[in-house]
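As stored in query.pdb (PDB, C-alpha atoms):
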```pdb
ATOM      1  CA  MET A  14     -14.995   6.539 -37.154  1.00  0.00           C
ATOM      2  CA  PRO A  15     -14.481   3.339 -35.141  1.00  0.00           C
ATOM      3  CA  ARG A  16     -16.949   2.614 -32.396  1.00  0.00           C
ATOM      4  CA  PRO A  17     -15.753   1.496 -28.945  1.00  0.00           C
ATOM      5  CA  ASP A  18     -17.026  -2.015 -29.548  1.00  0.00           C
ATOM      6  CA  ASP A  19     -15.115  -2.366 -32.839  1.00  0.00           C
ATOM      7  CA  GLN A  20     -12.156  -4.721 -32.690  1.00  0.00           C
ATOM      8  CA  GLN A  21      -9.127  -3.368 -34.528  1.00  0.00           C
ATOM      9  CA  ASN A  22      -5.476  -4.052 -34.013  1.00  0.00           C
ATOM     10  CA  THR A  23      -2.480  -1.830 -34.062  1.00  0.00           C
ATOM     11  CA  ASP A  24      -2.426   0.902 -36.763  1.00  0.00           C
ATOM     12  CA  GLY A  25      -5.225   2.803 -35.169  1.00  0.00           C
ATOM     13  CA  ARG A  26      -4.308   0.868 -32.052  1.00  0.00           C
ATOM     14  CA  GLU A  27      -7.909   0.430 -31.082  1.00  0.00           C
ATOM     15  CA  ALA A  28      -9.342  -2.721 -29.569  1.00  0.00           C
ATOM     16  CA  ALA A  29     -12.370  -2.889 -27.327  1.00  0.00           C
ATOM     17  CA  GLY A  30     -12.553   0.907 -27.236  1.00  0.00           C
ATOM     18  CA  LEU A  31      -8.962   1.373 -26.038  1.00  0.00           C
ATOM     19  CA  LEU A  32      -6.145   3.146 -27.845  1.00  0.00           C
ATOM     20  CA  TRP A  33      -2.848   1.278 -27.865  1.00  0.00           C
ATOM     21  CA  PHE A  34       0.587   2.837 -28.304  1.00  0.00           C
ATOM     22  CA  THR A  35       4.051   1.517 -29.094  1.00  0.00           C
ATOM     23  CA  ILE A  36       6.956   2.920 -27.078  1.00  0.00           C
ATOM     24  CA  ALA A  37       7.635   5.552 -29.767  1.00  0.00           C
ATOM     25  CA  GLN A  38       3.967   6.569 -29.885  1.00  0.00           C
ATOM     26  CA  ALA A  39       3.782   6.692 -26.084  1.00  0.00           C
ATOM     27  CA  ALA A  40       6.781   9.031 -26.078  1.00  0.00           C
ATOM     28  CA  ALA A  41       5.109  11.319 -28.613  1.00  0.00           C
ATOM     29  CA  PHE A  42       1.786  11.166 -26.745  1.00  0.00           C
ATOM     30  CA  THR A  43       3.379  12.263 -23.458  1.00  0.00           C
ATOM     31  CA  GLY A  44       5.946  14.636 -24.952  1.00  0.00           C
ATOM     32  CA  ARG A  45       8.730  12.561 -23.406  1.00  0.00           C
ATOM     33  CA  ASN A  46      11.796  10.813 -24.803  1.00  0.00           C
ATOM     34  CA  ARG A  47      11.650   7.096 -25.638  1.00  0.00           C
ATOM     35  CA  GLN A  48      14.246   6.492 -22.937  1.00  0.00           C
ATOM     36  CA  THR A  49      11.817   7.928 -20.396  1.00  0.00           C
ATOM     37  CA  ILE A  50       9.193   5.368 -21.398  1.00  0.00           C
ATOM     38  CA  TYR A  51      11.790   2.591 -21.067  1.00  0.00           C
ATOM     39  CA  ALA A  52      12.649   3.945 -17.609  1.00  0.00           C
ATOM     40  CA  TRP A  53       8.970   3.803 -16.639  1.00  0.00           C
ATOM     41  CA  GLU A  54       9.014   0.124 -17.632  1.00  0.00           C
ATOM     42  CA  ARG A  55      12.142  -0.569 -15.556  1.00  0.00           C
ATOM     43  CA  ARG A  56      10.643   1.222 -12.542  1.00  0.00           C
ATOM     44  CA  GLY A  57       7.412  -0.732 -12.838  1.00  0.00           C
ATOM     45  CA  LEU A  58       5.243   2.248 -13.757  1.00  0.00           C
ATOM     46  CA  LEU A  59       4.359   0.476 -17.017  1.00  0.00           C
ATOM     47  CA  ALA A  60       3.739  -3.255 -16.777  1.00  0.00           C
ATOM     48  CA  ASP A  61       1.864  -6.048 -18.514  1.00  0.00           C
ATOM     49  CA  PRO A  62       2.213  -4.881 -22.113  1.00  0.00           C
ATOM     50  CA  ARG A  63       0.405  -6.480 -24.993  1.00  0.00           C
ATOM     51  CA  HIS A  64       2.271  -7.125 -28.216  1.00  0.00           C
ATOM     52  CA  ASP A  65       1.309  -6.020 -31.700  1.00  0.00           C
ATOM     53  CA  GLU A  66       1.573  -8.139 -34.840  1.00  0.00           C
ATOM     54  CA  HIS A  67       5.259  -7.183 -35.127  1.00  0.00           C
ATOM     55  CA  GLY A  68       6.065  -8.258 -31.573  1.00  0.00           C
ATOM     56  CA  ARG A  69       6.429  -4.691 -30.291  1.00  0.00           C
ATOM     57  CA  ARG A  70       5.229  -3.911 -26.782  1.00  0.00           C
ATOM     58  CA  ILE A  71       2.092  -1.799 -26.737  1.00  0.00           C
ATOM     59  CA  TYR A  72       0.373  -0.085 -23.831  1.00  0.00           C
ATOM     60  CA  SER A  73      -3.124   1.315 -23.505  1.00  0.00           C
ATOM     61  CA  GLN A  74      -3.678   5.034 -23.328  1.00  0.00           C
ATOM     62  CA  GLN A  75      -4.879   4.542 -19.742  1.00  0.00           C
ATOM     63  CA  GLN A  76      -1.677   2.708 -18.738  1.00  0.00           C
ATOM     64  CA  ILE A  77       0.456   5.471 -20.226  1.00  0.00           C
ATOM     65  CA  ALA A  78      -1.567   8.252 -18.597  1.00  0.00           C
ATOM     66  CA  GLU A  79      -1.345   6.538 -15.190  1.00  0.00           C
ATOM     67  CA  ALA A  80       2.414   6.019 -15.542  1.00  0.00           C
ATOM     68  CA  HIS A  81       2.869   9.658 -16.569  1.00  0.00           C
ATOM     69  CA  LYS A  82       0.838  10.829 -13.564  1.00  0.00           C
ATOM     70  CA  LYS A  83       2.785   8.589 -11.161  1.00  0.00           C
ATOM     71  CA  ALA A  84       6.118   9.804 -12.602  1.00  0.00           C
ATOM     72  CA  ARG A  85       5.041  13.445 -12.057  1.00  0.00           C
ATOM     73  CA  GLU A  86       3.975  12.632  -8.487  1.00  0.00           C
ATOM     74  CA  ASN A  87       7.309  10.905  -7.799  1.00  0.00           C
ATOM     75  CA  ALA A  88       9.221  13.903  -9.190  1.00  0.00           C
ATOM     76  CA  ALA A  89       7.194  16.323  -7.056  1.00  0.00           C
ATOM     77  CA  ALA A  90       7.800  14.197  -3.946  1.00  0.00           C
ATOM     78  CA  ALA A  91      11.527  14.089  -4.688  1.00  0.00           C
ATOM     79  CA  GLN A  92      11.649  17.880  -5.040  1.00  0.00           C
ATOM     80  CA  GLY A  93       9.783  18.299  -1.762  1.00  0.00           C
ATOM     81  CA  ALA A  94      12.262  16.038   0.022  1.00  0.00           C
ATOM     82  CA  ALA A  95      15.288  17.955  -1.270  1.00  0.00           C
TER      83      ALA A  95
END
```

Show me the file's structure as structure tokens.
Amino acid sequence: MPRPDDQQNTDGREAAGLLWFTIAQAAAFTGRNRQTIYAWERRGLLADPRHDEHGRRIYSQQQIAEAHKKARENAAAAQGAA
């Protein structure tokens, strides 16, 4: 099992103890559609991606979790305003 200080790249998506996800993996991780993840990017909920060896955008697990939380908060606020 990799240790947090191990430096790996993409397939395992672990570097410096962080898990990294492509858009498709982020969608699976959150149970959302890929288009939702793209929308989070457009809305600025996901920013500053890294790129894997294939040039794909990758985001840390923490970035994805924070974007997911912010999207839920925005949806709850919108429902409360309706």

Legend entry - Selection dump of the PyMOL selection byres ((chain A and resi 63-71) around 10), as a list in words: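 Going through the file, the PyMOL selection byres ((chain A and resi 63-71) around 10) ends up selecting Asn22, Thr23, Asp24, Arg26, Leu32, Trp33, Phe34, Thr35, Ile36, Ala37, Gln38, Ala39, Ala60, Asp61, Pro62, Tyr72, Ser73, Gln74, Gln76 and Ile77 of chain A.
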
Legend entry - For segment 84-94 of chain A: contacts at 12 Å, all atoms listed in the file, fewer than 4 positions along chain excluded, given as a PyMOL selection string: chain A and resi 43+45+49-50+52-54+56-59+77-80

Return the padded bounding box of segment 68-81 of chain A as lines of an AutoDock Vina configuration file: axis-aligned, built from all atoms listed in the file, 5 Å added on each side, with centre and edge lengths in Å to one decimal.
```
center_x = 0.8
center_y = 0.7
center_z = -23.4
size_x = 21.3
size_y = 27.9
size_z = 26.4
```
